[in-house]
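K.L.:
What follows is input00.tsv, TSV, C-alpha atoms.
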chain	number	residue	atom	x	y	z
A	832	MET	CA	-11.13	5.12	33.24
A	833	SER	CA	-7.45	4.38	33.66
A	834	GLU	CA	-4.77	6.64	32.21
A	835	ASP	CA	-3.68	5.85	28.63
A	836	LEU	CA	-0.02	4.91	28.95
A	837	THR	CA	0.50	3.82	25.34
A	838	TYR	CA	3.32	5.61	23.57
A	839	ARG	CA	2.56	7.25	20.21
A	840	ARG	CA	5.72	7.56	18.18
A	841	PRO	CA	5.97	10.82	16.23
A	842	VAL	CA	6.43	10.54	12.45
A	843	SER	CA	9.61	12.28	11.31
A	844	THR	CA	9.33	14.98	8.65
A	845	TRP	CA	12.06	13.05	6.84
A	846	TRP	CA	10.23	9.68	6.86
A	847	TRP	CA	10.54	9.53	3.07
A	848	LEU	CA	14.33	9.41	3.28
A	849	HIS	CA	14.29	6.29	5.47
A	850	LYS	CA	13.57	3.83	2.68
A	851	ARG	CA	14.41	3.76	-1.01
A	852	SER	CA	10.82	2.87	-1.92
A	853	TYR	CA	9.44	5.81	0.09
A	854	PHE	CA	11.93	8.14	-1.58
A	855	LEU	CA	10.97	6.90	-5.05
A	856	PHE	CA	7.29	7.35	-4.18
A	857	VAL	CA	7.81	10.97	-3.10
A	858	MET	CA	9.84	11.64	-6.26
A	859	ARG	CA	6.98	10.13	-8.31
A	860	GLU	CA	4.53	12.49	-6.57
A	861	LEU	CA	6.89	15.43	-7.08
A	862	SER	CA	7.21	14.60	-10.78
A	863	SER	CA	3.61	15.79	-11.28
A	864	LEU	CA	4.80	19.38	-10.85
A	865	PHE	CA	7.30	18.93	-13.68
A	866	VAL	CA	4.67	17.29	-15.88
A	867	GLY	CA	2.51	20.38	-15.24
A	868	TRP	CA	5.42	22.67	-16.11
A	869	LEU	CA	6.13	20.91	-19.41
A	870	VAL	CA	2.43	21.04	-20.38
A	871	LEU	CA	2.44	24.78	-19.72
A	872	TYR	CA	5.71	25.16	-21.64
A	873	LEU	CA	4.26	23.26	-24.60
A	874	LEU	CA	1.20	25.53	-24.63
A	875	LEU	CA	3.47	28.60	-24.57
A	876	PHE	CA	5.40	27.09	-27.48
A	877	VAL	CA	2.20	26.53	-29.48
A	878	ARG	CA	1.16	30.11	-28.75
A	879	ALA	CA	4.54	31.39	-30.00
A	880	VAL	CA	4.13	29.39	-33.22
A	881	PHE	CA	0.73	30.97	-33.83
A	882	GLN	CA	2.07	34.47	-33.10
A	883	GLY	CA	4.43	34.38	-36.04
A	884	GLU	CA	8.02	33.75	-37.03
A	885	ASP	CA	9.62	36.40	-34.76
A	886	GLU	CA	7.88	35.09	-31.65
A	887	TYR	CA	8.82	31.55	-32.65
A	888	HIS	CA	12.52	32.43	-32.96
A	889	ASP	CA	12.43	34.39	-29.69
A	890	PHE	CA	10.97	31.33	-28.02
A	891	LEU	CA	13.74	29.11	-29.39
A	892	ASP	CA	16.41	31.61	-28.22
A	893	ARG	CA	14.94	31.64	-24.71
A	894	ALA	CA	14.70	27.85	-24.72
A	895	SER	CA	18.43	27.49	-25.40
A	896	SER	CA	19.43	29.88	-22.59
A	897	GLY	CA	21.31	28.24	-19.69
A	898	PRO	CA	18.86	28.36	-16.75
A	899	LEU	CA	15.79	27.40	-18.81
A	900	LEU	CA	17.72	24.57	-20.44
A	901	VAL	CA	18.67	23.20	-17.01
A	902	VAL	CA	15.06	23.45	-15.79
A	903	ASN	CA	13.79	21.62	-18.86
A	904	VAL	CA	16.43	18.88	-18.69
A	905	VAL	CA	15.52	18.28	-15.01
A	906	ALA	CA	11.81	18.40	-15.92
A	907	PHE	CA	12.35	15.86	-18.70
A	908	GLY	CA	14.14	13.54	-16.25
A	909	PHE	CA	11.15	13.75	-13.89
A	910	VAL	CA	8.71	13.12	-16.76
A	911	VAL	CA	10.64	9.95	-17.64
A	912	LEU	CA	10.49	8.91	-13.97
A	913	HIS	CA	6.75	9.72	-13.93
A	914	THR	CA	6.13	7.62	-17.02
A	915	VAL	CA	8.21	4.62	-15.98
A	916	THR	CA	6.89	4.49	-12.40
A	917	TRP	CA	3.22	4.91	-13.34
A	918	PHE	CA	3.49	2.41	-16.18
A	919	GLY	CA	5.11	0.06	-13.67
A	920	VAL	CA	2.21	0.17	-11.22
A	921	THR	CA	-0.59	0.08	-13.81
A	922	PRO	CA	-0.75	-3.75	-14.14
A	923	GLN	CA	-1.32	-3.94	-10.39
A	924	ALA	CA	-4.29	-1.58	-10.59
A	925	MET	CA	-5.88	-3.23	-13.63
A	926	ASP	CA	-7.54	-6.59	-13.32
A	927	LEU	CA	-7.88	-7.42	-17.01
A	928	ARG	CA	-9.35	-10.78	-17.95
A	929	LEU	CA	-9.50	-12.32	-21.40
A	930	ARG	CA	-11.80	-15.33	-21.81
A	931	GLY	CA	-11.81	-15.78	-18.05
A	932	LYS	CA	-8.02	-15.75	-17.76
A	933	LYS	CA	-6.03	-12.97	-16.18
A	934	VAL	CA	-3.97	-10.97	-18.67
A	935	PRO	CA	-0.28	-11.22	-17.60
A	936	LYS	CA	1.29	-8.13	-16.07
A	937	SER	CA	3.99	-8.07	-18.72
A	938	ALA	CA	1.34	-7.75	-21.46
A	939	VAL	CA	-0.28	-4.73	-19.76
A	940	LEU	CA	3.13	-3.16	-19.19
A	941	GLY	CA	4.24	-3.83	-22.77
A	942	ALA	CA	0.99	-2.47	-24.23
A	943	GLN	CA	1.59	0.87	-22.54
A	944	TYR	CA	5.06	1.24	-24.06
A	945	VAL	CA	3.71	0.24	-27.47
A	946	ALA	CA	0.95	2.86	-27.12
A	947	LEU	CA	3.55	5.45	-26.07
A	948	ALA	CA	5.69	4.61	-29.13
A	949	VAL	CA	2.69	4.83	-31.48
A	950	VAL	CA	1.54	8.20	-30.09
A	951	SER	CA	5.11	9.55	-30.13
A	952	GLY	CA	5.53	8.36	-33.73
A	953	PHE	CA	2.30	10.08	-34.75
A	954	VAL	CA	3.32	13.35	-33.08
A	955	TYR	CA	6.74	13.17	-34.76
A	956	TRP	CA	5.08	12.62	-38.14
A	957	LEU	CA	2.67	15.50	-37.50
A	958	VAL	CA	5.45	17.93	-36.63
A	959	THR	CA	7.95	16.95	-39.33
A	960	ARG	CA	5.70	16.23	-42.34
B	1376	MET	CA	28.94	-11.19	16.17
B	1377	THR	CA	30.94	-13.11	18.71
B	1378	ASP	CA	31.44	-16.78	17.91
B	1379	GLY	CA	28.05	-18.16	17.01
B	1380	ARG	CA	26.07	-15.40	18.64
B	1381	ILE	CA	24.25	-12.39	17.26
B	1382	GLU	CA	23.21	-9.11	18.87
B	1383	LEU	CA	19.56	-8.12	19.10
B	1384	HIS	CA	18.86	-4.46	19.75
B	1385	VAL	CA	15.38	-4.59	21.17
B	1386	THR	CA	13.06	-1.65	21.83
B	1387	ARG	CA	11.92	-1.55	25.45
B	1388	TYR	CA	9.07	0.52	26.80
B	1389	ARG	CA	7.78	0.02	30.33
B	1390	PRO	CA	4.87	2.43	30.64
B	1391	ASP	CA	5.06	2.48	34.44
B	1392	LYS	CA	8.74	3.55	34.37
B	1393	ASP	CA	9.65	5.03	30.98
B	1394	THR	CA	8.54	8.28	29.39
B	1395	GLU	CA	9.55	7.02	25.95
B	1396	PRO	CA	10.87	3.80	24.37
B	1397	GLY	CA	14.57	3.02	24.67
B	1398	ARG	CA	16.89	0.33	23.33
B	1399	GLN	CA	18.29	-2.69	25.12
B	1400	GLU	CA	21.08	-4.82	23.68
B	1401	TYR	CA	21.05	-8.59	24.03
B	1402	GLU	CA	22.96	-11.51	22.56
B	1403	VAL	CA	21.36	-14.72	21.40
B	1404	PRO	CA	22.83	-17.91	19.89
B	1405	LEU	CA	23.05	-17.65	16.10
B	1406	ARG	CA	21.57	-20.93	14.95
B	1407	GLU	CA	20.76	-21.67	11.34
B	1408	ASP	CA	17.17	-22.71	12.08
B	1409	TRP	CA	16.38	-19.95	14.56
B	1410	THR	CA	14.04	-17.15	13.66
B	1411	VAL	CA	13.97	-13.70	15.27
B	1412	LEU	CA	11.01	-14.98	17.30
B	1413	ASP	CA	13.12	-17.91	18.52
B	1414	GLY	CA	15.74	-15.39	19.60
B	1415	LEU	CA	13.16	-13.38	21.51
B	1416	ASN	CA	11.79	-16.51	23.16
B	1417	TYR	CA	15.33	-17.47	24.19
B	1418	LEU	CA	15.71	-14.03	25.80
B	1419	LYS	CA	12.38	-14.36	27.57
B	1420	ASP	CA	13.19	-17.86	28.88
B	1421	GLU	CA	16.89	-17.47	29.69
B	1422	VAL	CA	17.86	-13.83	30.00
B	1423	ASP	CA	15.08	-11.36	30.74
B	1424	THR	CA	11.62	-12.52	31.74
B	1425	THR	CA	10.26	-8.96	31.69
B	1426	LEU	CA	10.49	-8.65	27.89
B	1427	ALA	CA	7.00	-8.40	26.37
B	1428	PHE	CA	6.02	-9.43	22.83
B	1429	ARG	CA	3.15	-11.21	21.08
B	1430	TRP	CA	3.34	-14.57	19.37
B	1431	SER	CA	1.33	-17.72	18.98
B	1432	CYS	CA	1.52	-20.22	16.12
B	1433	ARG	CA	5.17	-19.88	14.98
B	1434	MET	CA	4.16	-20.84	11.45
B	1435	GLY	CA	2.94	-17.67	9.74
B	1436	ILE	CA	-0.76	-18.33	10.26
B	1437	CYS	CA	-1.88	-16.41	13.35
B	1438	GLY	CA	-0.38	-13.02	12.41
B	1439	SER	CA	0.55	-12.19	16.02
B	1440	CYS	CA	4.33	-11.81	15.85
B	1441	GLY	CA	4.61	-8.86	13.45
B	1442	MET	CA	7.46	-6.49	14.38
B	1443	ASN	CA	9.80	-4.11	12.60
B	1444	VAL	CA	13.06	-5.94	11.95
B	1445	ASN	CA	15.82	-3.59	10.83
B	1446	GLY	CA	13.08	-1.12	9.93
B	1447	GLU	CA	11.03	-3.56	7.80
B	1448	PRO	CA	7.69	-4.94	8.99
B	1449	LYS	CA	8.13	-8.72	9.27
B	1450	LEU	CA	6.52	-11.79	10.77
B	1451	THR	CA	9.31	-12.64	13.21
B	1452	CYS	CA	8.43	-16.35	13.03
B	1453	ALA	CA	9.35	-16.30	9.35
B	1454	THR	CA	12.45	-14.10	9.62
B	1455	PHE	CA	15.69	-15.96	10.18
B	1456	LEU	CA	18.53	-14.65	12.33
B	1457	SER	CA	21.10	-16.01	9.88
B	1458	ASP	CA	19.76	-13.74	7.12
B	1459	TYR	CA	20.95	-10.76	9.19
B	1460	ALA	CA	24.35	-12.14	10.22
B	1461	PRO	CA	26.69	-10.78	11.44
B	1462	GLY	CA	24.10	-8.40	12.91
B	1463	PRO	CA	23.20	-6.55	15.00
B	1464	ILE	CA	19.45	-6.89	14.36
B	1465	ARG	CA	17.14	-4.05	15.33
B	1466	VAL	CA	13.82	-5.38	16.66
B	1467	GLU	CA	11.16	-2.71	17.15
B	1468	PRO	CA	7.39	-2.67	17.64
B	1469	LEU	CA	5.37	-2.43	14.41
B	1470	ALA	CA	5.55	1.15	13.12
B	1471	ASN	CA	2.50	3.44	13.04
B	1472	PHE	CA	0.77	1.89	16.08
B	1473	PRO	CA	0.85	3.12	19.69
B	1474	VAL	CA	3.19	1.03	21.85
B	1475	VAL	CA	1.60	-0.68	24.85
B	1476	ARG	CA	4.79	-2.22	26.22
B	1477	ASP	CA	8.15	-3.22	24.69
B	1478	LEU	CA	7.23	-4.86	21.35
B	1479	VAL	CA	3.48	-4.99	21.94
B	1480	VAL	CA	1.36	-2.50	19.99
B	1481	ASP	CA	-2.24	-1.39	20.42
B	1482	LEU	CA	-4.42	-2.65	17.53
B	1483	THR	CA	-7.70	-1.14	18.75
B	1484	ASP	CA	-7.80	1.29	15.84
B	1485	PHE	CA	-7.86	-1.54	13.28
B	1486	MET	CA	-10.36	-3.54	15.31
B	1487	GLU	CA	-12.71	-0.55	15.24
B	1488	LYS	CA	-12.24	0.12	11.53
B	1489	LEU	CA	-12.60	-3.44	10.30
B	1490	PRO	CA	-16.36	-3.84	10.94
B	1491	THR	CA	-17.10	-0.52	9.21
B	1492	VAL	CA	-16.31	-2.13	5.83
B	1493	LYS	CA	-18.65	-5.04	6.63
B	1494	PRO	CA	-16.30	-7.95	5.96
B	1495	TRP	CA	-18.97	-10.61	5.89
B	1496	ILE	CA	-21.41	-11.97	3.33
B	1497	ILE	CA	-24.42	-9.70	2.91
B	1498	ARG	CA	-27.51	-11.17	1.25
B	1499	GLU	CA	-30.60	-9.42	0.00
B	1500	ASP	CA	-32.74	-12.53	0.27
B	1501	ASP	CA	-33.70	-14.32	3.45
B	1502	VAL	CA	-31.89	-17.55	2.60
B	1503	THR	CA	-30.09	-18.94	5.63
B	1504	GLU	CA	-27.61	-21.77	6.00
B	1505	ILE	CA	-30.51	-23.99	7.05
B	1506	ASP	CA	-31.95	-23.64	3.53
B	1507	GLY	CA	-28.79	-25.09	2.03
B	1508	GLU	CA	-25.31	-24.20	0.86
B	1509	TYR	CA	-24.26	-21.36	-1.43
B	1510	LEU	CA	-22.51	-23.22	-4.19
B	1511	GLN	CA	-19.56	-21.72	-6.07
B	1512	THR	CA	-17.56	-22.74	-9.12
B	1513	PRO	CA	-13.74	-22.92	-8.90
B	1514	GLU	CA	-13.62	-19.74	-11.05
B	1515	GLU	CA	-15.88	-17.91	-8.60
B	1516	LEU	CA	-13.65	-18.99	-5.73
B	1517	ASP	CA	-10.57	-17.94	-7.64
B	1518	ALA	CA	-11.97	-14.40	-8.08
B	1519	TYR	CA	-11.57	-13.54	-4.37
B	1520	LYS	CA	-9.26	-16.22	-2.97
B	1521	GLN	CA	-6.11	-14.08	-3.01
B	1522	PHE	CA	-7.78	-11.42	-0.86
B	1523	SER	CA	-9.11	-13.99	1.59
B	1524	MET	CA	-5.58	-15.01	2.61
B	1525	CYS	CA	-5.17	-11.98	4.92
B	1526	ILE	CA	-4.18	-12.94	8.47
B	1527	ASN	CA	-4.59	-9.45	9.95
B	1528	CYS	CA	-0.91	-9.32	10.88
B	1529	MET	CA	-0.85	-5.53	10.38
B	1530	LEU	CA	2.46	-5.49	8.50
B	1531	CYS	CA	0.72	-3.51	5.75
B	1532	TYR	CA	-0.38	-0.80	8.20
B	1533	ALA	CA	3.17	-0.60	9.56
B	1534	ALA	CA	4.53	-0.17	6.02
B	1535	CYS	CA	1.95	2.42	4.93
B	1536	PRO	CA	3.19	6.01	5.25
B	1537	VAL	CA	-0.33	7.29	4.58
B	1538	TYR	CA	-1.62	5.50	7.68
B	1539	GLY	CA	1.38	6.79	9.65
B	1540	LEU	CA	0.60	10.38	8.68
B	1541	ASP	CA	-3.19	10.11	8.77
B	1542	PRO	CA	-4.42	7.51	11.28
B	1543	ASP	CA	-8.02	8.07	10.09
B	1544	PHE	CA	-7.22	6.27	6.82
B	1545	VAL	CA	-9.17	2.99	6.76
B	1546	GLY	CA	-6.00	1.21	5.65
B	1547	PRO	CA	-4.83	-1.60	3.38
B	1548	ALA	CA	-6.01	-4.80	5.11
B	1549	ALA	CA	-9.53	-3.52	5.78
B	1550	ILE	CA	-9.97	-2.41	2.15
B	1551	ALA	CA	-8.52	-5.69	0.82
B	1552	LEU	CA	-11.05	-7.56	2.98
B	1553	ALA	CA	-13.87	-5.40	1.65
B	1554	GLU	CA	-12.74	-6.33	-1.86
B	1555	ARG	CA	-12.62	-9.98	-0.83
B	1556	TYR	CA	-16.36	-9.91	-0.04
B	1557	ASP	CA	-17.24	-7.70	-3.00
B	1558	LEU	CA	-15.71	-10.29	-5.33
B	1559	ASP	CA	-17.53	-13.16	-3.67
B	1560	SER	CA	-20.34	-14.42	-5.90
B	1561	ARG	CA	-22.51	-15.10	-2.83
B	1562	ASP	CA	-22.39	-11.50	-1.66
B	1563	HIS	CA	-24.75	-8.59	-2.41
B	1564	GLY	CA	-23.11	-5.97	-0.18
B	1565	ALA	CA	-20.83	-4.13	-2.62
B	1566	ARG	CA	-22.93	-0.98	-2.55
B	1567	GLU	CA	-23.00	-0.82	1.25
B	1568	ARG	CA	-19.22	-1.14	1.45
B	1569	LEU	CA	-18.68	1.42	-1.27
B	1570	ASP	CA	-20.68	3.97	0.73
B	1571	VAL	CA	-18.04	3.68	3.47
B	1572	LEU	CA	-14.97	3.41	1.26
B	1573	ILE	CA	-15.91	6.27	-1.08
B	1574	GLU	CA	-15.42	8.70	1.83
B	1575	HIS	CA	-12.24	10.75	1.99
B	1576	GLU	CA	-10.60	8.44	4.55
B	1577	GLY	CA	-11.51	5.42	2.42
B	1578	VAL	CA	-9.87	4.40	-0.83
B	1579	TYR	CA	-9.03	7.93	-1.92
B	1580	GLY	CA	-6.71	8.33	1.08
B	1581	CYS	CA	-4.35	5.87	-0.62
B	1582	THR	CA	-1.63	7.41	-2.79
B	1583	PHE	CA	-0.44	4.03	-4.12
B	1584	VAL	CA	2.92	3.80	-2.39
B	1585	GLY	CA	2.63	0.04	-2.84
B	1586	GLU	CA	4.59	-0.92	0.29
B	1587	CYS	CA	1.59	-2.77	1.77
B	1588	THR	CA	1.75	-5.30	-1.06
B	1589	ARG	CA	5.52	-5.63	-0.85
B	1590	VAL	CA	5.54	-6.51	2.86
B	1591	CYS	CA	2.46	-8.75	2.84
B	1592	PRO	CA	3.57	-12.25	3.92
B	1593	LYS	CA	0.48	-13.80	2.31
B	1594	HIS	CA	0.71	-12.08	-1.10
B	1595	VAL	CA	-2.70	-10.48	-0.68
B	1596	ASP	CA	-1.88	-7.35	-2.73
B	1597	PRO	CA	-3.87	-4.75	-0.79
B	1598	ALA	CA	-2.52	-1.96	-3.04
B	1599	GLY	CA	-4.06	-3.66	-6.08
B	1600	ALA	CA	-7.36	-4.09	-4.22
B	1601	ILE	CA	-7.45	-0.39	-3.32
B	1602	GLN	CA	-6.77	0.78	-6.88
B	1603	ARG	CA	-9.54	-1.50	-8.20
B	1604	TYR	CA	-11.85	-0.03	-5.57
B	1605	LYS	CA	-10.99	3.47	-6.76
B	1606	LEU	CA	-12.02	2.46	-10.27
B	1607	LYS	CA	-15.27	1.03	-8.93
B	1608	ALA	CA	-15.93	4.20	-6.92
B	1609	ALA	CA	-15.21	6.38	-9.96
B	1610	GLN	CA	-17.54	4.33	-12.17
B	1611	GLN	CA	-20.24	4.63	-9.53
B	1612	SER	CA	-19.82	8.41	-9.35
B	1613	VAL	CA	-20.02	8.75	-13.15
B	1614	LYS	CA	-23.10	6.55	-13.25
B	1615	ALA	CA	-24.77	8.58	-10.50
B	1616	PHE	CA	-23.93	11.80	-12.38
B	1617	LEU	CA	-25.14	10.59	-15.78
B	1618	LEU	CA	-28.21	8.71	-14.64
B	1619	PRO	CA	-29.59	10.70	-11.72
B	1620	ALA	CA	-33.17	10.52	-12.94
B	1621	LEU	CA	-33.47	6.73	-12.95
B	1622	PRO	CA	-35.86	5.26	-10.41
B	1623	LYS	CA	-33.99	3.98	-7.33
B	1624	GLY	CA	-35.02	0.37	-7.86
B	1625	LEU	CA	-33.71	0.29	-11.41
B	1626	ARG	CA	-30.42	1.92	-10.38
B	1627	GLN	CA	-29.93	-0.67	-7.65
B	1628	ARG	CA	-30.46	-3.43	-10.19
B	1629	MET	CA	-27.86	-1.83	-12.48
B	1630	ASP	CA	-25.39	-1.64	-9.58
B	1631	GLN	CA	-25.42	-5.39	-9.13
Once more with this new file: its structure as structure tokens, please.
P.N.:
Amino acid sequence: MSEDLTYRRPVSTWWWLHKRSYFLFVMRELSSLFVGWLVLYLLLFVRAVFQGEDEYHDFLDRASSGPLLVVNVVAFGFVVLHTVTWFGVTPQAMDLRLRGKKVPKSAVLGAQYVALAVVSGFVYWLVTR
Amino acid sequence: MTDGRIELHVTRYRPDKDTEPGRQEYEVPLREDWTVLDGLNYLKDEVDTTLAFRWSCRMGICGSCGMNVNGEPKLTCATFLSDYAPGPIRVEPLANFPVVRDLVVDLTDFMEKLPTVKPWIIREDDVTEIDGEYLQTPEELDAYKQFSMCINCMLCYAACPVYGLDPDFVGPAAIALAERYDLDSRDHGARERLDVLIEHEGVYGCTFVGECTRVCPKHVDPAGAIQRYKLKAAQQSVKAFLLPALPKGLRQRMDQ
């Protein structure tokens, strides 16, 4: 057999900085960590509520401290990115048909935001009633 | 740009001389109706006969002239020089493939992967074309037509960072073609293809970057095909988990 003279180009560690779409994709993947953090933080908050008024107020004091506030603001930004980007790609993944006709992408996209608003409204009502 | 001309910075790799690819700068006439491929053909005919690149139809059908133009996978026969004026234009071999020479890449990997997803009509009966045609309604044709437009130009592989990082990934075009046959009303091979694509290097390798769909010159939407396959694979796994005790024959009938 003859020698393989083809050249295999190495992939740079920084490949995701070469294109805006690659960068956005990596940020979308990274956002999962922040989603995880906020879920954990919410569970800790619920636990503090169940532990009584003192624990609840301690939790609120800690939440308003500088570093934790910064972490949570950044985490919230990533959660928004997570939501918007995943909602954006959902119509592409779903092949919904109604009476044989393909449901338009805008309808799938819109339905997600409506569902988000309804769930958020319900949670708001639950917490403030 | 100097007076009606535009610079092309072309990747050169001569395996008998070079240890790695380098760049060569050329100038070609900047004409309104010239594509990047026209520029390369001008170079080949008038300036440097040693330049190697693939092309054939010049009309976006054969899928031979895919290259990275300013870092984007493009069919060079459909990419106009004037869109990049004043230049320069970087012309490189398609990303993620080994380079054979200059702008020519080795597609063996795809050629070996493609048949593993069985991109042909699989029938369970013994009906042959001699027995007659397989008739389809316009709706049945419409179900898979988009995925049948693939011209194997490999732009999607060049755009896919997953394939770049993990060359074992089956890849966008092959999965889109599997979906094309799965959706064909004449076909009974969905289960056979799923057995291949449910493996780690199959559909689950895809992290839905979506670049394959963006660069596809035929609007095939491989990313959409892969996500739908994931759903199919997940449904299959749930069914197998919930209904393990069903006799094999009955399960096969439910799969169809």
K.L.:
Would you please work out which residue, of B:Ile1505, B:Val1480, B:Ala1548, B:Val1590, is nearest to chain A when using all atoms listed in the file?
P.N.:
B:Val1480
K.L.:
Considering only C-alpha atoms, extract the chain A residues located within 8 Å of chain B and return them as number ranges by chain.
P.N.:
A: 836-840, 842, 852-853, 856, 923-926
K.L.:
To one decimal place, how far is atom CA of Ala1453 of chain B from atom CA of Met1529 of chain B in Å?
P.N.:
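Calculated distance between atom CA of Ala1453 of chain B and atom CA of Met1529 of chain B is 14.9 Å.
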K.L.:
Report, in Å to a single decimal, how far apart atom CA of Ile1496 of chain B and atom CA of Leu1618 of chain B are.
P.N.:
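Taking atom CA of Leu1618 of chain B and atom CA of Ile1496 of chain B, their separation equals 28.2 Å.
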K.L.:
Once you count all atoms listed in the file, which residues end up no further than 10 Å from (22.7, -13.5, 11.1) in the file's frame, shown as a VMD selection string?
P.N.:
chain B and resid 1376 1379 to 1382 1404 to 1407 1409 to 1411 1455 to 1464
K.L.:
Extract, using only C-alpha atoms, all DNA, RNA and protein residues at most 7 Å from segment 939-956 of chain A, discarding same-chain residues fewer than 6 positions from it, and format them as number ranges by chain.
P.N.:
A: 918-919, 922
K.L.:
If you measure from atom CA of Ala1553 of chain B to atom CA of Lys1493 of chain B, what distance in Å do you get, rounded to one decimal?
P.N.:
6.9 Å
K.L.:
For segment 932-949 of chain A, supply N, CA and C atoms and report the output as a CSV table (one decimal), keeping the file's coordinate frame.
P.N.:
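Result written to selection.csv:
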chain,number,residue,atom,x,y,z
A,932,LYS,N,-9.4,-15.6,-18.3
A,932,LYS,CA,-8.0,-15.8,-17.8
A,932,LYS,C,-7.4,-14.4,-17.6
A,933,LYS,N,-6.6,-14.3,-16.5
A,933,LYS,CA,-6.0,-13.0,-16.2
A,933,LYS,C,-4.9,-12.6,-17.2
A,934,VAL,N,-5.0,-11.4,-17.7
A,934,VAL,CA,-4.0,-11.0,-18.7
A,934,VAL,C,-2.7,-10.8,-17.9
A,935,PRO,N,-1.5,-11.3,-18.4
A,935,PRO,CA,-0.3,-11.2,-17.6
A,935,PRO,C,0.2,-9.8,-17.5
A,936,LYS,N,0.8,-9.5,-16.3
A,936,LYS,CA,1.3,-8.1,-16.1
A,936,LYS,C,2.2,-7.6,-17.2
A,937,SER,N,3.0,-8.5,-17.7
A,937,SER,CA,4.0,-8.1,-18.7
A,937,SER,C,3.3,-7.6,-20.0
A,938,ALA,N,2.1,-8.2,-20.3
A,938,ALA,CA,1.3,-7.8,-21.5
A,938,ALA,C,0.8,-6.3,-21.3
A,939,VAL,N,0.3,-6.1,-20.0
A,939,VAL,CA,-0.3,-4.7,-19.8
A,939,VAL,C,0.8,-3.7,-19.8
A,940,LEU,N,2.0,-4.1,-19.2
A,940,LEU,CA,3.1,-3.2,-19.2
A,940,LEU,C,3.6,-2.9,-20.6
A,941,GLY,N,3.8,-4.0,-21.4
A,941,GLY,CA,4.2,-3.8,-22.8
A,941,GLY,C,3.3,-3.0,-23.6
A,942,ALA,N,2.0,-3.2,-23.4
A,942,ALA,CA,1.0,-2.5,-24.2
A,942,ALA,C,1.1,-1.0,-24.0
A,943,GLN,N,1.5,-0.6,-22.8
A,943,GLN,CA,1.6,0.9,-22.5
A,943,GLN,C,2.8,1.5,-23.3
A,944,TYR,N,3.9,0.7,-23.3
A,944,TYR,CA,5.1,1.2,-24.1
A,944,TYR,C,4.8,1.3,-25.6
A,945,VAL,N,4.1,0.3,-26.0
A,945,VAL,CA,3.7,0.2,-27.5
A,945,VAL,C,2.8,1.5,-27.8
A,946,ALA,N,1.8,1.7,-26.9
A,946,ALA,CA,1.0,2.9,-27.1
A,946,ALA,C,1.7,4.2,-27.1
A,947,LEU,N,2.7,4.2,-26.2
A,947,LEU,CA,3.6,5.4,-26.1
A,947,LEU,C,4.3,5.6,-27.4
A,948,ALA,N,4.9,4.5,-27.9
A,948,ALA,CA,5.7,4.6,-29.1
A,948,ALA,C,4.8,5.0,-30.3
A,949,VAL,N,3.6,4.5,-30.4
A,949,VAL,CA,2.7,4.8,-31.5
A,949,VAL,C,2.3,6.3,-31.4
